[in-house]
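Novice: Sharing upload07.csv here; it has CSV, C-alpha atoms.
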chain,number,residue,atom,x,y,z
M,1,MET,CA,0.0,0.0,0.0
M,2,ALA,CA,2.9,2.4,0.7
M,3,GLY,CA,4.2,1.9,-2.8
M,4,THR,CA,0.8,2.8,-4.2
M,5,GLY,CA,0.7,6.0,-2.2
M,6,GLY,CA,4.2,6.9,-3.4
M,7,ARG,CA,3.1,6.5,-7.0
M,8,ALA,CA,0.0,8.6,-6.4
M,9,ALA,CA,2.1,11.4,-4.8
M,10,GLY,CA,4.5,11.3,-7.7
M,11,ALA,CA,1.7,11.6,-10.2
M,12,ARG,CA,0.3,14.6,-8.3
M,13,TYR,CA,3.4,16.7,-8.4
M,14,ARG,CA,4.1,15.8,-12.0
M,15,GLN,CA,0.5,16.8,-12.9
M,16,LEU,CA,0.9,20.1,-11.0
M,17,ALA,CA,4.2,20.8,-12.7
M,18,ALA,CA,2.5,20.2,-16.1
M,19,ASP,CA,-0.4,22.5,-15.1
M,20,LEU,CA,1.9,25.3,-14.0
M,21,ARG,CA,4.1,24.9,-17.1
M,22,GLU,CA,1.0,25.3,-19.3
M,23,ALA,CA,-0.1,28.4,-17.4
M,24,ILE,CA,3.4,29.9,-17.8
M,25,ALA,CA,3.4,29.1,-21.5
M,26,SER,CA,0.0,30.8,-22.0
M,27,GLY,CA,1.4,34.0,-20.4
M,28,ALA,CA,-0.8,33.8,-17.3
M,29,TYR,CA,2.0,35.2,-15.1
M,30,GLY,CA,4.0,37.1,-17.6
M,31,ALA,CA,7.8,37.1,-18.0
M,32,GLY,CA,9.2,38.4,-14.8
M,33,GLY,CA,6.0,37.9,-12.9
M,34,ARG,CA,5.7,36.0,-9.6
M,35,LEU,CA,3.9,32.7,-9.0
M,36,PRO,CA,1.5,32.5,-6.1
M,37,SER,CA,2.9,31.4,-2.8
M,38,GLU,CA,3.3,27.7,-2.0
M,39,GLU,CA,0.3,28.0,0.4
M,40,GLU,CA,-1.8,29.6,-2.3
M,41,LEU,CA,-0.9,27.0,-4.8
M,42,ALA,CA,-1.5,24.1,-2.4
M,43,ARG,CA,-5.0,25.5,-1.7
M,44,GLN,CA,-5.8,26.2,-5.3
M,45,TYR,CA,-4.8,22.7,-6.5
M,46,ASP,CA,-5.9,20.9,-3.4
M,47,VAL,CA,-2.4,19.3,-2.8
M,48,SER,CA,0.1,19.4,0.1
M,49,ARG,CA,2.9,22.0,0.2
M,50,GLY,CA,5.4,19.2,-0.2
M,51,THR,CA,3.8,18.4,-3.6
M,52,VAL,CA,3.9,22.1,-4.5
M,53,ARG,CA,7.6,22.2,-3.7
M,54,GLN,CA,8.3,19.1,-5.8
M,55,ALA,CA,6.4,20.6,-8.8
M,56,LEU,CA,8.3,23.9,-8.4
M,57,ALA,CA,11.6,22.1,-8.3
M,58,VAL,CA,10.7,20.6,-11.7
M,59,LEU,CA,9.9,24.0,-13.1
M,60,ARG,CA,13.2,25.4,-11.7
M,61,THR,CA,15.1,22.5,-13.3
M,62,ASN,CA,13.4,23.2,-16.6
M,63,GLY,CA,14.6,26.8,-16.5
M,64,LEU,CA,11.1,28.3,-16.3
M,65,VAL,CA,11.2,29.8,-12.8
M,66,THR,CA,13.8,30.9,-10.3
M,67,SER,CA,13.6,31.9,-6.6
M,68,ARG,CA,15.6,33.7,-4.0
M,69,ARG,CA,15.5,33.1,-0.3
M,70,GLY,CA,12.5,34.9,1.2
M,71,THR,CA,10.8,35.7,-2.2
M,72,ARG,CA,8.3,34.0,-4.3
M,73,ARG,CA,9.2,32.2,-7.6
M,74,VAL,CA,9.8,34.5,-10.5
M,75,VAL,CA,8.9,33.4,-14.0
M,76,LEU,CA,12.0,33.6,-16.2
M,77,GLY,CA,10.3,33.4,-19.5
M,78,THR,CA,8.2,31.2,-21.8
M,79,ALA,CA,9.0,28.9,-24.7
M,80,ARG,CA,12.0,29.1,-27.0
M,81,THR,CA,10.9,30.0,-30.5
M,82,GLN,CA,11.8,27.9,-33.5
M,83,SER,CA,11.1,29.3,-37.0
M,84,PHE,CA,10.2,27.1,-40.0
M,85,PHE,CA,11.5,29.7,-42.4
M,86,GLU,CA,14.8,27.8,-42.5
M,87,LEU,CA,15.3,24.0,-42.1
M,88,LEU,CA,17.5,23.7,-39.0
M,89,SER,CA,18.3,20.6,-37.0
M,90,PHE,CA,17.5,20.6,-33.3
M,91,THR,CA,21.2,21.0,-32.6
M,92,ARG,CA,21.8,24.0,-34.9
M,93,TRP,CA,18.6,25.6,-33.7
M,94,ALA,CA,19.5,25.2,-30.0
M,95,ARG,CA,23.0,26.7,-30.6
M,96,SER,CA,21.5,29.6,-32.6
M,97,ILE,CA,19.5,30.7,-29.5
M,98,GLY,CA,22.4,30.3,-27.1
M,99,GLU,CA,21.3,26.9,-25.6
M,100,GLU,CA,23.4,23.8,-25.1
M,101,PRO,CA,21.9,21.0,-27.1
M,102,GLY,CA,22.1,17.4,-26.0
M,103,GLY,CA,20.9,14.0,-27.0
M,104,ARG,CA,20.8,10.4,-25.7
M,105,THR,CA,19.8,7.4,-27.8
M,106,ILE,CA,17.5,5.2,-25.8
M,107,ASP,CA,16.8,2.5,-28.4
M,108,VAL,CA,17.6,1.5,-32.0
M,109,GLU,CA,15.6,-1.2,-33.6
M,110,CYS,CA,16.0,-2.7,-37.1
M,111,ARG,CA,12.8,-4.3,-38.4
M,112,PRO,CA,10.6,-4.7,-41.5
M,113,ALA,CA,8.7,-1.5,-42.5
M,114,GLY,CA,5.0,-1.4,-42.1
M,115,PRO,CA,2.6,-0.2,-44.9
M,116,LEU,CA,2.5,3.4,-43.6
M,117,GLU,CA,6.3,3.5,-43.2
M,118,CYS,CA,6.7,2.2,-46.7
M,119,GLU,CA,4.4,5.0,-47.9
M,120,GLN,CA,6.1,7.8,-46.0
M,121,LEU,CA,9.6,6.7,-47.0
M,122,ALA,CA,8.8,5.5,-50.5
M,123,LEU,CA,10.0,2.0,-49.8
M,124,GLU,CA,9.1,-1.3,-51.4
M,125,PRO,CA,7.1,-3.8,-49.3
M,126,GLY,CA,9.4,-5.9,-47.3
M,127,SER,CA,12.1,-3.2,-46.9
M,128,ARG,CA,13.8,-2.8,-43.6
M,129,ILE,CA,13.9,0.3,-41.6
M,130,TYR,CA,15.6,1.6,-38.4
M,131,GLN,CA,13.5,3.0,-35.6
M,132,VAL,CA,15.4,5.3,-33.3
M,133,LEU,CA,14.2,6.6,-29.9
M,134,ARG,CA,16.1,9.6,-28.5
M,135,LEU,CA,15.8,12.0,-25.5
M,136,ARG,CA,16.7,15.6,-26.4
M,137,THR,CA,17.8,18.2,-23.9
M,138,LEU,CA,18.5,21.9,-23.7
M,139,SER,CA,21.1,22.9,-21.3
M,140,ARG,CA,20.9,19.4,-19.8
M,141,VAL,CA,17.2,19.6,-19.2
M,142,PRO,CA,15.0,17.1,-21.0
M,143,ILE,CA,12.4,18.8,-23.2
M,144,MET,CA,11.6,16.4,-26.1
M,145,ILE,CA,11.4,12.8,-27.1
M,146,GLU,CA,12.3,12.1,-30.7
M,147,ARG,CA,11.0,9.0,-32.5
M,148,THR,CA,12.5,8.7,-36.0
M,149,ILE,CA,12.1,6.1,-38.8
M,150,TYR,CA,15.0,5.8,-41.3
M,151,PRO,CA,15.4,3.8,-44.4
M,152,GLU,CA,18.0,1.0,-44.0
M,153,ARG,CA,20.8,2.8,-45.8
M,154,VAL,CA,20.6,5.8,-43.4
M,155,GLY,CA,19.7,3.8,-40.3
M,156,THR,CA,22.9,1.7,-40.5
M,157,MET,CA,24.8,5.0,-40.3
M,158,ILE,CA,22.8,6.1,-37.3
M,159,ALA,CA,23.3,2.8,-35.5
M,160,GLY,CA,27.0,3.3,-35.7
M,161,LEU,CA,27.0,6.6,-33.8
M,162,GLU,CA,27.7,7.0,-30.1
M,163,PRO,CA,24.5,6.8,-27.9
M,164,ASP,CA,25.3,10.3,-26.5
M,165,ALA,CA,26.0,12.0,-29.8
M,166,THR,CA,24.8,15.5,-29.7
M,167,SER,CA,23.8,15.6,-33.3
M,168,HIS,CA,22.8,12.9,-35.9
M,169,THR,CA,22.4,15.4,-38.8
M,170,GLU,CA,26.0,16.6,-38.7
M,171,PRO,CA,27.7,13.2,-39.0
M,172,LEU,CA,25.2,12.2,-41.6
M,173,ALA,CA,26.1,15.3,-43.7
M,174,ASP,CA,29.8,14.2,-43.4
M,175,LEU,CA,28.8,10.9,-44.9
M,176,GLY,CA,27.0,12.6,-47.8
M,177,VAL,CA,23.4,12.4,-46.4
M,178,VAL,CA,21.9,15.9,-46.7
M,179,PHE,CA,18.5,16.9,-45.2
M,180,ALA,CA,17.2,19.5,-47.7
M,181,ASP,CA,13.4,19.8,-47.4
M,182,ALA,CA,10.8,19.0,-44.8
M,183,GLU,CA,7.1,18.9,-44.3
M,184,HIS,CA,5.8,19.6,-40.8
M,185,THR,CA,2.6,18.8,-39.0
M,186,ILE,CA,2.0,20.1,-35.5
M,187,ASP,CA,-0.7,19.0,-33.1
M,188,LEU,CA,-1.4,18.0,-29.5
M,189,VAL,CA,-1.1,14.5,-28.1
M,190,TYR,CA,-1.2,13.1,-24.6
M,191,ALA,CA,1.9,11.6,-22.9
M,192,ASP,CA,2.0,7.8,-22.7
M,193,ALA,CA,3.9,5.8,-20.0
M,194,GLU,CA,7.2,6.0,-22.0
M,195,ASP,CA,6.9,9.8,-22.5
M,196,ALA,CA,6.2,10.3,-18.8
M,197,ARG,CA,9.1,8.2,-17.7
M,198,LEU,CA,11.6,9.9,-20.0
M,199,LEU,CA,10.4,13.5,-19.7
M,200,GLY,CA,9.3,13.4,-16.1
M,201,CYS,CA,5.8,14.6,-16.9
M,202,ALA,CA,2.4,13.2,-15.9
M,203,SER,CA,1.1,10.3,-17.9
M,204,GLY,CA,-1.9,11.6,-19.9
M,205,GLY,CA,-0.6,15.2,-19.8
M,206,PRO,CA,-0.5,17.3,-23.0
M,207,LEU,CA,2.6,17.4,-25.2
M,208,ILE,CA,3.3,19.3,-28.4
M,209,ARG,CA,3.8,16.9,-31.3
M,210,GLU,CA,5.7,17.8,-34.4
M,211,ARG,CA,5.6,15.2,-37.2
M,212,ARG,CA,8.2,15.7,-39.9
M,213,ARG,CA,9.1,14.1,-43.2
M,214,VAL,CA,12.5,15.0,-44.5
M,215,THR,CA,13.9,14.5,-48.0
M,216,ASP,CA,17.2,15.0,-49.8
M,217,PRO,CA,17.8,17.5,-52.6
M,218,ALA,CA,16.5,15.0,-55.1
M,219,GLY,CA,13.2,14.5,-53.1
M,220,THR,CA,14.1,11.1,-51.8
M,221,PRO,CA,12.7,10.5,-48.3
M,222,LEU,CA,15.4,10.2,-45.6
M,223,ALA,CA,13.5,10.3,-42.3
M,224,TRP,CA,10.0,10.3,-40.9
M,225,SER,CA,10.0,11.6,-37.4
M,226,GLU,CA,7.6,12.3,-34.5
M,227,ASP,CA,8.9,14.7,-31.8
M,228,ARG,CA,7.0,15.2,-28.5
M,229,PHE,CA,7.8,18.4,-26.6
M,230,LEU,CA,6.9,19.4,-23.1
M,231,PRO,CA,4.5,22.3,-23.3
M,232,GLY,CA,6.1,25.7,-22.5
M,233,THR,CA,9.5,24.6,-23.7
M,234,VAL,CA,9.3,25.5,-27.4
M,235,ALA,CA,7.0,27.5,-29.8
M,236,PHE,CA,7.0,27.4,-33.5
M,237,THR,CA,6.6,30.3,-36.0
M,238,VAL,CA,5.8,30.1,-39.7
M,239,HIS,CA,6.3,32.9,-42.3
M,240,ASN,CA,3.8,33.2,-45.1
M,241,SER,CA,3.7,35.6,-48.0
M,242,VAL,CA,1.1,36.3,-50.7
M,243,ALA,CA,3.9,36.8,-53.1
M,244,THR,CA,4.6,33.0,-53.1
M,245,THR,CA,1.1,31.8,-53.8
M,246,ALA,CA,0.0,30.5,-57.2
M,247,LEU,CA,-2.9,33.0,-57.3
M,248,SER,CA,-0.5,36.0,-56.9
M,249,ARG,CA,1.8,34.6,-59.6
M,250,ARG,CA,-1.1,34.3,-62.0
M,251,ARG,CA,-2.2,37.9,-61.2
M,252,GLY,CA,1.4,39.1,-61.8
Please lay out the structure from this file as structure tokens.
Specialist:
Amino acid sequence: MAGTGGRAAGARYRQLAADLREAIASGAYGAGGRLPSEEELARQYDVSRGTVRQALAVLRTNGLVTSRRGTRRVVLGTARTQSFFELLSFTRWARSIGEEPGGRTIDVECRPAGPLECEQLALEPGSRIYQVLRLRTLSRVPIMIERTIYPERVGTMIAGLEPDATSHTEPLADLGVVFADAEHTIDLVYADAEDARLLGCASGGPLIRERRRVTDPAGTPLAWSEDRFLPGTVAFTVHNSVATTALSRRRG
């Protein structure tokens, strides 16, 4: 029974951390604003002050809040912004905003491709693919889980890299594999047990999902990826222009 209580307490502080992270991301407290006191948060969310302290420790580790002795937690900021105007790897994007990128490969599996994977990667039935699971960090703090499917010729190269390699894109480029174009789809999903274990979030909590299909300069698919970000850790921006639409070109 004690173990069950411990799991329940762990779930409560992770859920509270997720709720507060979402509130910070929505701008509820504003950059530089102060969170409510531990007592107020405990009353608002109907949890113990110990649960509040654990949740705030998660936010502090994630770089979202800070505190000084005798003062309430101060919100440091919201999500880092990533633009889709230019195709950048996670590593290059992180460095461009002054963050320290990191990665740890959790699992690499070589197996036959399923019908959807064959469709996404333009593979013949019966082809083999590599499925790679990675945990990505910014300044040593976990923010994203990366699940990527590679065709066999690329996957064998990935399998030969060190598990803690910061980047996969850079060594692939050295081997002549160039990521040139990508299609992105962004939506909301809910954390499964694996997400919760690796990211330290509540199971069933919301995550930002980015699905991405990447091709080389000739249009040959190189990777099909699903990234799951903790809310409040990243935001995406997209630039559009009427000058690039088919209608405006016909008018011109």
Novice: Calculated over all atoms listed in the file, which of the candidates M:Arg34, M:Arg12, M:His168, M:Arg211 has the smallest distance to Phe90 (chain M)?
Specialist: M:His168
Novice: Pick the closest to Ile97 (chain M) from M:Val154, M:Val234, M:Glu183, M:Arg197: which is it, counting all atoms listed in the file?
Specialist: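 Distance minimum relative to Ile97 (chain M) lands on M:Val234.
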Novice: When you draw a straight line from CA of Thr215 (chain M) to CA of Asp181 (chain M), how long is it in Å?
Specialist: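 Interatomic distance here is 5.4 Å.
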Novice: So what do you get for CA of Ala57 (chain M) versus CA of Arg228 (chain M), distance-wise?
Specialist: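 Computed distance, CA of Ala57 (chain M) to CA of Arg228 (chain M), equals 21.8 Å.
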Novice: Between CA of Leu87 (chain M) and CA of Leu175 (chain M), what is the distance, to one decimal in Å?
Specialist: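 Separating CA of Leu87 (chain M) from CA of Leu175 (chain M) is a distance of 19.0 Å.
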Novice: From the list M:Gln131, M:Thr166, M:Ser203, M:Thr81, which residue is nearest Glu117 (chain M) when using all atoms listed in the file?
Specialist: M:Gln131
Novice: If you count all atoms listed in the file, which residues fall within 10 Å of Arg53 (chain M), apart from same-chain ones fewer than 5 positions away, as an MDAnalysis selection string?
Specialist: chainID M and resid 13 17 38 41:42 48 58:59
Novice: Within 12 Å of Gly205 (chain M), counting only C-alpha atoms, which residues qualify if same-chain residues fewer than 2 places away don't, as a VMD selection string?
Specialist: chain M and resid 11 to 12 14 to 22 188 to 193 195 to 196 199 to 203 207 to 208 228 to 231
Novice: Residues within 8 Å of Ser89 (chain M), please, as a ChimeraX atom specification. Count all atoms listed in the file; anything in the same chain fewer than 3 positions from it doesn't count.
Specialist: /M:92-93,169
Novice: Env of Gly155 (chain M): 8 Å cut, atoms = only C-alpha atoms, seq-sep filter 3 positions within chain, self excluded. Answer as number ranges by chain.
Specialist: M: 129-131, 150-152, 158-159
Novice: Between M:Val177, M:Ala218, M:Val47, M:Ile149, which is the closest to Leu123 (chain M) once you count only C-alpha atoms?
Specialist: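 Looking only at the distances to Leu123 (chain M), the closest residue turns out to be M:Ile149.
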